[in-house]
Each structure stands twice: as structure tokens, then as C-alpha cells.
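J.: After the C-alpha cells below, expect a handful of questions from me.
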Amino acid sequence: MPSLNDIRSTFLNYFAKNGHEIVPSSPLVPRNDPTLMFTNSGMVQFKNCFTGVEKRDYVRATTAQKCVRAGGKHNDLDNVGYTARHHTFFEMLGNFSFGDYFKEMAIPYAWELVTKELDIPADRLLVTVYHTDDEAAEIWKKVAGLPDERIIRIPTNDNFWMMGPTGPCGPCTEIFFDHGEKYWGGPPGTPEEDGDRFVEIWNLVFMQNEQFEDGSMKELDMQSIDTGMGIERVAALLQGTNDNYSTDLIRALIEASADATSSDPDGPGKTHHRVIADHLRSTSFLIADGVMPSNDGRGYVLRRIMRRAMRHAHLLGAKDPVMHRLVPALVHQMGAAYPELGRAQALIEETLELEETRFKQTLDRGLKLLDEELDGLGEGAPLPGEAAFKLYDTYGFPLDLTQDALREKGREVDVSGFDAAMAEQKAKARAAWAGSGEAADAAVWFDLADKHGATDFLGYDTEEAEGQVLAIVKDGVEVKALNAGEDGWAILNQTPFYAEAGGQVADHGYVRRLANLDDVSAVTDVQRFADGKLIAHRLTPERGKLSVGDTVELEVDHKRRSKVRANHSATHLLHEALRVHLGDHVAQRGSLNDEDRLRFDFSHAKGLSEDELRLVGEEVNGFIRQNTPVSTRIMTPDDAREIGAQALFGEKYGDEVRVVSMGRAPTGKGADGETYSIELCGGTHVQQTGDIGLCVILSDSASSAGVRRIEALTGAAAVQHLERQAALVDEIADTVKAQPGDLAARVKALMDERKALQNEVSQLRRELAMAGGAGQGGGAEARDVNGVAFLAQVLSGVSGKDLPALIDEHKAKMESGAVLLIADAGGKAAVAAGVTADLTDKLSAVDLVRAAVAELGGKGGGGRPDMAQGGGKDAGNAEAAIKAAEAVIGD
Ligand code: SER
């Protein structure tokens, strides 16, 4: 009996043998389709290949695609657990041709695979075709030899496949398996077709049309094939059952659920186990693909599925969280085919446990309230909307969880009452906000958030995605479109663009209209508005225009993002290294991670010594070279603090925080005691620490009192910096004629030599001045002024600082008298005056200098009565200055 894993391999190998490329499953969050909440069939990743917008290296492909159908057009959530074949998660096997083969080969391939490779008896098979598709009916007849009554023509949309309201589509043919008379039901097209007897196992779509938003449908240029086989259904029939939940893989999960809750897998709790097994698959795969529980969008669908499963676990009597304990069984079953499950195992387990722990806190009280409400209701009456809303708002019961709970009791919820209560609450919140005095232009963002809900951020996992323009705001007002050159803010349903936050700068990049890829807008800023709910892109169409309703391709500037990412991750390592080497008082006070460098402000009183800087730098680079994966987890702020996460002082955190960890150190922290850096952080990071490349600290300076600032470079910028430094060293070595290694000693020797020469020059100048050789009034003699011997001299080539020594020498020579020396340094003047000790009672050098300075265009001057100095800007007036000094002596 082939296992589900065997069937998957048989399928993929068969098509690989027939020239098909085995392409990995695409993520559950579609990168290329903004109209879809989740990937719901194998063709989603190839959507643009069918329309010709995208070209691949191959024209034939085969995949095993993980799919989620919950929310949106194909939504199976409500029925899961109660039927044999509804799932929120399933795998679709498919083969695809992009303009290569068409019906004439797709049908023979399918028939051979089903009847030969999988060995399904041909006489138990029948097919449907679209009522007008004579060609397909003919091929079936020829290839399979099916009689007319087993080729059923269906005139409805059942045999015209569309992935959603828009996109490639076409007529299809479906293969059905007859499980036999012991099951009730009729062939497709009969009123009994929904019974369990005839089960569709494979859908072959002949892609030949494209559906547009305005309702029109066009023929595609090329004819293609898209097929989808439900692997669980085929496993069921090959394993002799018609219940997907009895097949090997899902049964293993049901047994794990029974084990974990110590209950009978087939007893009264059977439905609960089925719900749990199914929901375990969808929630785990969604988390592995980056979806996190939240109150909006995809995250809310995940939360609804999780909580639905958790209520069923609760009904099985589980006292403690159960779901996370089932993850190893799932990884065991599916981890080989989908390695992302194993990689994300810890994240999946933690996320499930956290959600279940939190939900359990309100679940009991919510269920009690529900029972009380029901007691008060008449027979079969629906639960009032207000009660359902209270369960939602106060106890965290998503509406479909309440509906699921009531289903067992044969009751419904008054959904319009629920919607009204929800609308009323929103109106109240708005009124409260409007009264809070926030800026009026914020109103437009809150309106948009109300209307469209939160923007889905995809940027942790991808830097490219498609999105739909929901609104455009220009100068604070909503507009329909932006023309080329106009500047405004666009809101999309989802985006890979990171909005500036936590010191990380906003992404830049491009937005292109899918309808015309030449219509491109440059994104120059990204900000979060309306309490962080909306991610708004500031952009300007460079060509064409951008309108509300456009489907666009979003592309982040990858180079820039990767530099920012490296700087951000290096900041985390730097933060920890500073704590290790300076002490636990080090706390982040601010940071900036842009594309050029990182800047980190932290509390520390004094400058870092050379040794400290070197140790910090070495430690950061050691963890970069360690090249270990950077991990991200979601937890409560308390749990995060418990494992030693660094949080920002004074920052407000929500119920759940993102925790980024990196580096392995035997003396580290975290649950394993070995994690080096753990920080609460919403930013984007490198995958492996080695991606940072290198970190070079440029400077440590004071930022404000008690706060230091380190600036550093990473990656190529760090390498370029070192290269520039090395080139500079070479240049200097060349200039001073030394080997780079001897440079320090050589420069020191040059400096010493310079100092000695300077001293010698000073000495020589003084001697020259005394000898009269350097001065304009050379060899001046003292003359008598009012009975005082007065010597005045103007000198050039002598520096101001040499004047006092010269004054002293003159004074020593003259026994009694006054001296005034003016040094002319390129037009500027330095003045010094001296008076011998016997005269200082009646004559002060200070007065002489001041009188001279006033003439030399300077101010003041000072010193002692026996020696004073000053300066002016006008050495040309030296003679007048001497006269002024003379006048002082003459008084
Ligand atoms: N797209 C089709 C389906 O989902 C065939 O793959 O059924």
C-alpha cells in the first residue's frame, strides 16, 4: 500500500521522466498575487507564466504544492473535521505546460500515471469535460477507451476553472474515482453528486483565457496546461478508504493528538482529533512561511485556525497547551518533503504554545458565557450578535470559533448583529481618537485603516512581491491617481517595504504597474501611520501614472537593504560586546542603521580606551566569522526578558514581541545558555552573522552627558575603508622614505628632529637680532628720553615668542633703561617692552606696550611692570608705535 510520501515521489518522478522540471513548492503567502490570501493551488506560482508576463528556463514543470484554503474564494474552514475530505491545508500535485503541450498530451499523461504508475483500476474511473469541449471528449475516448457514459459533459462553472476573480482560466476535465456501491452518491452532474461515492481526484485545466477585473475575458496568446491532484484523496483510495483522515500521514497526526490528550483517536472525540490534525498542518506551514498570529489579515486567519484547534483540544479535556507537542510528529511526517518545517520547528512550537497559553486564560470564561447565553435562548434561536461580539472582543473568540461551537448544538449566530456591534465599536474608537487632539491630517490615515485594515508586511521573507494599490494620499487628501512627477503616499494591501522604525531607515525601491511595467514609481520613503497599522509608501511616478486599484510589482532596492541589514545586525553584536567589555550598565540610547554606516549611542560615562575599543571590535568580528544563523521568534515581553533579551528602556511593547538572537557563546544567555545576543527588535537582519562580512569601528565620541556614540562600517564599506587607510599609509611611507612597518619610528624621529631644529632656529634668530643683523633698525642704540635710556627696535624674521628673551638680554646689557621691540611677522606685529628694575617705580612696561599696541591696530597688552607683551595687526605703523612709547616715557 503506497504511503502518501510514496505517491508524491511517484508523481514527481513520472513527470520528471517526461521532461518536466521538478520545482519546489512556493510559499503559502503568494509573492506574485495580491488578490489571493494564501496559495490555494499549484498554478499560483506560475500565474504570470500562463499570461506570458514571466518567462522561465523551462516550459514544463511539476510540483507538490502546499495549499491553504481558509479565507477568500476557496474557503473550507467551516467544514473541516466534520467531513471526509475538507482541509484547511492540503497538498496539490500538478504538472504544467507553458505554451508547450496541450490537451492532446495532458490527457494521455494523466491516464498513464493514474492507471499504470499508481495502478488505479481503469474501470473505477470516469471523467467530466466542459460541455462544449468535444476535443477533450474525443481524446478521452481515444486514449482511455472510455465509453460515452463515463465521459460526462458538465455545462457549469464546475468545469471552467478560475483561480479567483481575475487571472488565467479555462475549461477543465476532471477524473473521478468510484468508491463503489457501499457509499451513497451519484456521478458528477447528478443531484447526488455530493455524496461520498464518486470522488474527484484530478483536475486538468486547459488554460486558454484570462479574466479581467471589468468582467471581460480574453483569449491568451498561448495554450497551457495546469493540473491539480489532491494527494490526500489519491492516498485514501490507494489505501482502501474514502476518508482522507484515515490515510497514513494524517492518521499519524491524529494518533499524536490522541496520545497528547490521552484519549481514544476513534472515540467520541474523533472530530476533535481530525480538526486538530488538519489545523496543525495549516498553522505550522503558515508559521514556517512567516505568518504570525495577529488581529488583521493573514495573521488573523492563522489565529482563527489556531484557536479553533485549541478549542477542540480543550474539549478533549486537555489542561495544558497541546498543539506545540504535536509539531515533532508533523516534522517527522513531512519534514523531508518540506525542509522549511524542520528549519522553523522551534518557532512553530513556541508560537503555538504562546497562543494556546494565552487563549486558555479566557477560553473557560468565554465558554461559560456562551453556555449562559444559550440557556436563556428559545429553542433553535440564533445567538444574538452582541453576545458573539462580546465573545470576540473580550474573550478572543473569532466569529467562526463561536459558529463552530454552536454547530454542535445545531444553532447559528446572528451575523448581522455581530457586524453591527463591530461597526459600533469602531465608531466609538474613532470618536475617542478624534477627541484626543491628534493632528487633523492623521484623520485620513485612520479613515483608511478603518476601511482597508492593516497592511500586511512581507519584508521579513521577501524583497519582491505584488500588491494592490488601495489608496493614494497627496498633500493630506485622498486622490485617485498620481501623474508622472507628482509626489504622494500610496497604501497597498501588502508590501515587502520596511517602514522606518527602531533606528532602521526606510527601504527605497520601485513600484511598477503590472498592466504596463514601464509605468514605474520610485519609492523614497516608507512610514507607518494610524498607530502603525498602515505602511505608507512615499513615491513619485517617473513614467506613466499610478492609480488606486492598480496591481503592482513591488521591488525593494536589494543592495541598499542588504547594507542596512548588515549594519543592523552588527549593531546587535556591538551592543552585546559593549556590555561584555564595559559592563551591564551599557544600554542603548539611540541608533541609526542606514546604508552607509551604523551609529550606536549607549549609556557610558567616559571615552573608551584603545584597548577597550580593540577588544569590542575583535569580539564583534569573531561572531561575524562564527557565521551562525540569526533566529527570530515571537514571545511575550515577559518571556523575552526572562531569557535575557535587551529591550529598549521606556519603549512600549505590545502583547507579543519579536526577538532576534544571534551568536553562540558558551557563557551566553537564552534557554540554551549559549545565545550571545538576544534583543527585542522589529528590524530586518542578515540570515547568518557571516553575511555582515566585517565590522570596523570608526570612532567613539561623546554624544551627550553620560552617553557615548560609536560609529562603524560593515561589509564592503568596511573593507573599502581599510583599503583607503592602507593606501594612505603607503603614501606617507613613500613620502618619508620608510617601509610601512618602520613608519611609526620614522615619523617619531622626524618629529624629534623638527623640534631640535626649531630650537636651533630660535636661538640663531635671537643671536642675529642681538647682533643687529636681522632688524630693520639694526644695531639700534639707546637714546635718552626724558633721562631714561630708551632702546627701540623693529625686527623681522623673529617670532613673537622670542621677544621676551631678547628683552632680557637688552636689559642685562644696559644697566638702566627701557626697551621696546616690535617683531614684524608678515604685516602682523608682536610687541614686547622691558623696563629695568631701578625704573619700574615710575615707568611700567605695561604702559609702554599698551601705547605701542594702540598704534599697531591692536588692543590691550599686558604683563608686569618690568616686562609686558602685546600684539597688533598693523606692523607698518611700527614707527608711530615707537613714538607713542617715547611719549609715555616723556610724560
Ligand atoms: N488549478 C486547478 C485546481 O486548483 C488545477 O491545478 O484545481
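Chain lettering (A, B, ...) mirrors the order of the C-alpha cells, residue numbering begins at 1 for each chain separately, and ligand numbering begins at 1 in order of display.
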Which residues are near ligand 1 - at most 7 Å, using only C-alpha atoms and all ligand atoms? Format: as a VMD selection string.
T.: chain A and resid 40 to 43 94 161 163 203 to 205 226 to 229
J.: At a cut-off of 7 Å, using only C-alpha atoms, what residues contact stretch 860-875 of chain A? Leave out same-chain residues fewer than 4 positions from it and give the result as a list in words.
T.: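 Those residues are Asp824, Gly827, Lys828, Ala829, Ala830, Val831, Ala832, Ala833, Gly834, Val835, Thr836, Ala837, Thr840, Ser844, Ala845, Val846, Val849, Arg850, Val853 and Leu856 of chain A.
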J.: Pull N, CA, C and O atoms from the residues just selected and write them as a compact mmCIF listing (two decimals), in the first residue's frame.
T.:
```txt
# COMPACT_ATOMS: atom_id res chain seq x y z
N ASP A 824 57.98 92.18 13.21
CA ASP A 824 57.08 92.29 12.05
C ASP A 824 56.96 90.90 11.41
O ASP A 824 57.90 90.41 10.79
N GLY A 827 53.45 91.59 8.31
CA GLY A 827 52.44 92.63 8.47
C GLY A 827 51.82 92.64 9.85
O GLY A 827 51.39 93.68 10.34
N LYS A 828 51.79 91.48 10.50
CA LYS A 828 51.28 91.46 11.88
C LYS A 828 52.41 91.82 12.82
O LYS A 828 53.58 91.56 12.51
N ALA A 829 52.03 92.40 13.94
CA ALA A 829 53.10 92.83 14.86
C ALA A 829 52.98 92.16 16.21
O ALA A 829 51.87 91.98 16.72
N ALA A 830 54.14 91.75 16.76
CA ALA A 830 54.20 91.33 18.15
C ALA A 830 55.07 92.36 18.85
O ALA A 830 56.05 92.83 18.29
N VAL A 831 54.65 92.78 20.03
CA VAL A 831 55.39 93.83 20.75
C VAL A 831 55.79 93.31 22.12
O VAL A 831 55.02 92.58 22.75
N ALA A 832 56.95 93.71 22.55
CA ALA A 832 57.33 93.44 23.94
C ALA A 832 58.07 94.67 24.46
O ALA A 832 58.78 95.35 23.70
N ALA A 833 57.87 94.96 25.74
CA ALA A 833 58.59 96.09 26.34
C ALA A 833 59.21 95.63 27.65
O ALA A 833 58.68 94.73 28.29
N GLY A 834 60.35 96.21 27.99
CA GLY A 834 61.01 95.86 29.25
C GLY A 834 61.51 97.13 29.92
O GLY A 834 61.87 98.11 29.25
N VAL A 835 61.47 97.12 31.23
CA VAL A 835 61.97 98.27 32.00
C VAL A 835 62.89 97.70 33.07
O VAL A 835 62.53 96.72 33.73
N THR A 836 64.07 98.26 33.21
CA THR A 836 64.99 97.71 34.22
C THR A 836 64.44 97.99 35.61
O THR A 836 63.67 98.93 35.81
N ALA A 837 64.85 97.17 36.58
CA ALA A 837 64.24 97.15 37.91
C ALA A 837 64.30 98.51 38.60
O ALA A 837 63.35 98.91 39.29
N THR A 840 61.18 100.74 37.52
CA THR A 840 59.79 100.26 37.48
C THR A 840 58.88 101.04 38.42
O THR A 840 57.66 100.98 38.28
N SER A 844 56.22 101.85 33.71
CA SER A 844 55.79 100.44 33.62
C SER A 844 55.85 99.96 32.18
O SER A 844 55.39 100.64 31.25
N ALA A 845 56.41 98.79 32.00
CA ALA A 845 56.48 98.17 30.66
C ALA A 845 55.08 97.99 30.08
O ALA A 845 54.88 98.07 28.87
N VAL A 846 54.12 97.79 30.97
CA VAL A 846 52.74 97.59 30.51
C VAL A 846 52.25 98.84 29.77
O VAL A 846 51.65 98.74 28.70
N VAL A 849 53.84 99.06 26.33
CA VAL A 849 53.25 98.12 25.37
C VAL A 849 51.87 98.61 24.94
O VAL A 849 51.54 98.60 23.76
N ARG A 850 51.06 99.03 25.87
CA ARG A 850 49.69 99.47 25.53
C ARG A 850 49.71 100.63 24.55
O ARG A 850 48.92 100.67 23.60
N VAL A 853 50.76 99.20 21.21
CA VAL A 853 49.70 98.32 20.65
C VAL A 853 48.60 99.17 20.03
O VAL A 853 48.10 98.86 18.95
N LEU A 856 49.46 100.04 16.74
CA LEU A 856 49.66 98.91 15.82
C LEU A 856 48.33 98.23 15.45
O LEU A 856 48.31 97.16 14.84
```
J.: Can you pull out every residue within 7 Å of A:Val785, counting only C-alpha atoms, but drop anything in the same chain fewer than 2 positions away, and send it as a list in words?
T.: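 Returned residues: Arg783, Gly787, Val788, Ala789, Phe790, Glu886, Ile889 and Gly890 of chain A.
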J.: Have a look at A:Ile154, A:Lys545, A:Leu118, A:Tyr82 and name the one nearest to A:Asp133; count only C-alpha atoms.
T.: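 Nearest to A:Asp133: A:Ile154.
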J.: Applying 9 Å and only C-alpha atoms, which residues near A:Leu791 remain after dropping the ones on its own chain fewer than 4 positions away? List them as a PyMOL selection string.
T.: chain A and resi 780-784+810+817-821
J.: Closest to A:Met1 among A:Ala454, A:Ala671, A:Leu238, A:Val586, using only C-alpha atoms?
T.: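 Closest to A:Met1, using only C-alpha atoms: A:Leu238.
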J.: Just asking: which residues within stretch 213-378 of chain A are alpha helix (DSSP H) according to DSSP, as an NGL selection string?
T.: :A and (231-238 or 248-260 or 270-288 or 297-315 or 327-334 or 339-343 or 345-375)
J.: Which value, in Å to one decimal, gives the distance between atom CA of A:Asp57 and atom CA of A:Glu553?
T.: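 Rounded to one decimal, the two atoms are 20.9 Å apart.
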J.: If you count only C-alpha atoms, which residues fall within 10 Å of A:Tyr101, apart from same-chain ones fewer than 4 positions away, as a list in words?
T.: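 The residues satisfying every condition are Val59, Arg60, Phe96, Ser97, Met105, Ala106, Gln223, Ser224 and Ile225 of chain A.
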J.: Let me see the file: selected residues, N, CA and C atoms, as a CSV table (one decimal), in the first residue's frame.
T.:
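selection.csv, written as the output of this step:
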```csv
chain,number,residue,atom,x,y,z
A,59,VAL,N,9.7,24.9,-19.9
A,59,VAL,CA,8.3,25.1,-20.4
A,59,VAL,C,7.4,24.0,-19.8
A,60,ARG,N,8.0,23.1,-19.1
A,60,ARG,CA,7.2,22.0,-18.4
A,60,ARG,C,7.7,21.9,-17.0
A,96,PHE,N,2.6,21.0,-15.4
A,96,PHE,CA,2.3,22.3,-16.0
A,96,PHE,C,3.0,22.4,-17.4
A,97,SER,N,2.3,23.0,-18.3
A,97,SER,CA,3.0,23.3,-19.6
A,97,SER,C,2.7,24.7,-19.9
A,105,MET,N,-1.7,15.9,-25.0
A,105,MET,CA,-0.7,15.2,-24.2
A,105,MET,C,-1.1,15.2,-22.8
A,106,ALA,N,-1.7,16.2,-22.3
A,106,ALA,CA,-2.1,16.3,-20.9
A,106,ALA,C,-3.0,15.1,-20.5
A,223,GLN,N,-1.5,28.4,-25.4
A,223,GLN,CA,-2.4,27.4,-24.7
A,223,GLN,C,-1.5,26.7,-23.8
A,224,SER,N,-1.9,26.5,-22.5
A,224,SER,CA,-1.1,25.9,-21.5
A,224,SER,C,-1.9,24.9,-20.7
A,225,ILE,N,-1.2,24.2,-19.8
A,225,ILE,CA,-1.8,23.2,-19.0
A,225,ILE,C,-1.5,23.4,-17.5
```
J.: Based on DSSP run over this structure's backbone, return all residues of stretch 694-776 of chain A in strand (DSSP E), as a list of chain:residue names.
T.: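 Strand (DSSP E) members of stretch 694-776 of chain A, listed: A:Cys695, A:Val696, A:Ile697, A:Leu698, A:Ser699, A:Asp700, A:Ser701, A:Ala702, A:Ser703, A:Ser704, A:Val707, A:Arg708, A:Arg709, A:Ile710, A:Glu711, A:Ala712, A:Leu713, A:Thr714.
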J.: Could you save the residues just selected, with N, CA, C and O atoms, as an mmCIF file, in the first residue's frame?
T.:
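Final output, saved to again-v2.cif:
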```cif
data_model
loop_
_atom_site.group_PDB
_atom_site.id
_atom_site.type_symbol
_atom_site.label_atom_id
_atom_site.label_comp_id
_atom_site.auth_asym_id
_atom_site.auth_seq_id
_atom_site.Cartn_x
_atom_site.Cartn_y
_atom_site.Cartn_z
ATOM 1 N N CYS A 695 33.305 44.255 10.453
ATOM 2 C CA CYS A 695 32.853 45.482 11.116
ATOM 3 C C CYS A 695 34.084 46.285 11.536
ATOM 4 O O CYS A 695 34.990 45.734 12.169
ATOM 5 N N VAL A 696 34.141 47.536 11.152
ATOM 6 C CA VAL A 696 35.265 48.397 11.543
ATOM 7 C C VAL A 696 34.713 49.580 12.328
ATOM 8 O O VAL A 696 33.851 50.313 11.833
ATOM 9 N N ILE A 697 35.191 49.726 13.557
ATOM 10 C CA ILE A 697 34.747 50.867 14.376
ATOM 11 C C ILE A 697 35.527 52.104 13.933
ATOM 12 O O ILE A 697 36.754 52.082 13.885
ATOM 13 N N LEU A 698 34.798 53.156 13.606
ATOM 14 C CA LEU A 698 35.451 54.377 13.123
ATOM 15 C C LEU A 698 35.785 55.319 14.262
ATOM 16 O O LEU A 698 36.820 55.940 14.283
ATOM 17 N N SER A 699 34.850 55.453 15.204
ATOM 18 C CA SER A 699 35.073 56.446 16.249
ATOM 19 C C SER A 699 34.236 56.175 17.471
ATOM 20 O O SER A 699 33.206 55.505 17.407
ATOM 21 N N ASP A 700 34.734 56.697 18.585
ATOM 22 C CA ASP A 700 33.979 56.714 19.839
ATOM 23 C C ASP A 700 34.009 58.161 20.272
ATOM 24 O O ASP A 700 35.072 58.762 20.362
ATOM 25 N N SER A 701 32.834 58.754 20.482
ATOM 26 C CA SER A 701 32.824 60.166 20.881
ATOM 27 C C SER A 701 31.711 60.385 21.893
ATOM 28 O O SER A 701 30.870 59.507 22.096
ATOM 29 N N ALA A 702 31.702 61.576 22.502
ATOM 30 C CA ALA A 702 30.643 61.875 23.462
ATOM 31 C C ALA A 702 29.429 62.349 22.678
ATOM 32 O O ALA A 702 29.554 63.167 21.774
ATOM 33 N N SER A 703 28.252 61.790 23.008
ATOM 34 C CA SER A 703 27.042 62.214 22.310
ATOM 35 C C SER A 703 26.313 63.238 23.164
ATOM 36 O O SER A 703 25.895 64.289 22.700
ATOM 37 N N SER A 704 26.143 62.932 24.445
ATOM 38 C CA SER A 704 25.613 63.901 25.406
ATOM 39 C C SER A 704 26.112 63.421 26.757
ATOM 40 O O SER A 704 26.841 62.428 26.819
ATOM 41 N N VAL A 707 26.513 59.722 27.723
ATOM 42 C CA VAL A 707 26.168 58.884 26.566
ATOM 43 C C VAL A 707 27.302 58.950 25.540
ATOM 44 O O VAL A 707 27.733 60.034 25.145
ATOM 45 N N ARG A 708 27.805 57.788 25.159
ATOM 46 C CA ARG A 708 28.852 57.712 24.133
ATOM 47 C C ARG A 708 28.228 57.342 22.798
ATOM 48 O O ARG A 708 27.128 56.785 22.752
ATOM 49 N N ARG A 709 28.947 57.631 21.742
ATOM 50 C CA ARG A 709 28.460 57.294 20.399
ATOM 51 C C ARG A 709 29.556 56.562 19.638
ATOM 52 O O ARG A 709 30.674 57.067 19.533
ATOM 53 N N ILE A 710 29.222 55.392 19.142
ATOM 54 C CA ILE A 710 30.179 54.671 18.299
ATOM 55 C C ILE A 710 29.661 54.681 16.875
ATOM 56 O O ILE A 710 28.471 54.475 16.635
ATOM 57 N N GLU A 711 30.562 54.952 15.950
ATOM 58 C CA GLU A 711 30.191 54.848 14.539
ATOM 59 C C GLU A 711 31.041 53.751 13.924
ATOM 60 O O GLU A 711 32.218 53.597 14.276
ATOM 61 N N ALA A 712 30.423 52.977 13.061
ATOM 62 C CA ALA A 712 31.163 51.843 12.492
ATOM 63 C C ALA A 712 30.680 51.562 11.077
ATOM 64 O O ALA A 712 29.612 52.007 10.662
ATOM 65 N N LEU A 713 31.484 50.803 10.364
ATOM 66 C CA LEU A 713 31.148 50.400 8.993
ATOM 67 C C LEU A 713 31.093 48.881 8.943
ATOM 68 O O LEU A 713 31.761 48.208 9.731
ATOM 69 N N THR A 714 30.326 48.367 7.988
ATOM 70 C CA THR A 714 30.317 46.911 7.801
ATOM 71 C C THR A 714 30.489 46.587 6.317
ATOM 72 O O THR A 714 30.399 47.463 5.456
#
```
J.: When you count only C-alpha atoms, which of these residues is closest to A:Ser9: A:Gln208, A:Ala236, A:Ala336, A:Glu424?
T.: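 Counting only C-alpha atoms, the residue closest to A:Ser9 is A:Ala336.
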J.: Hey, which of A:Ser284, A:Ser796, A:Ser631, A:Thr689 ends up closest to A:Met306? Count only C-alpha atoms.
T.: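 Distance minimum relative to A:Met306 lands on A:Ser284.
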J.: Calculated over only C-alpha atoms, which of the candidates A:Ser246, A:Glu181, A:Pro629, A:Arg197 has the smallest distance to A:Arg343?
T.: A:Pro629
J.: Which residue, A:Glu192, A:Glu642, A:Glu618, A:Glu576, has the smallest gap to A:Gly663 when you use only C-alpha atoms?
T.: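 Of A:Glu192, A:Glu642, A:Glu618, A:Glu576, the one nearest A:Gly663 is A:Glu576, counting only C-alpha atoms.
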J.: May I have the residues within 9 Å of stretch 20-22 of chain A as a ChimeraX atom specification, using only C-alpha atoms and disregarding those fewer than 5 positions away in the same chain?
T.: /A:12-15,58-64,95-97
J.: Suppose you want the space between atom CA of A:Pro34 and atom CA of A:Glu466; what is it in Å?
T.: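 Interatomic distance, atom CA of A:Pro34 to atom CA of A:Glu466: 5.5 Å.
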J.: In Å, how far is it from atom CA of A:Leu608 to atom CA of A:Ala726?
T.: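 One can read the atom CA of A:Leu608 to atom CA of A:Ala726 distance as 24.0 Å.
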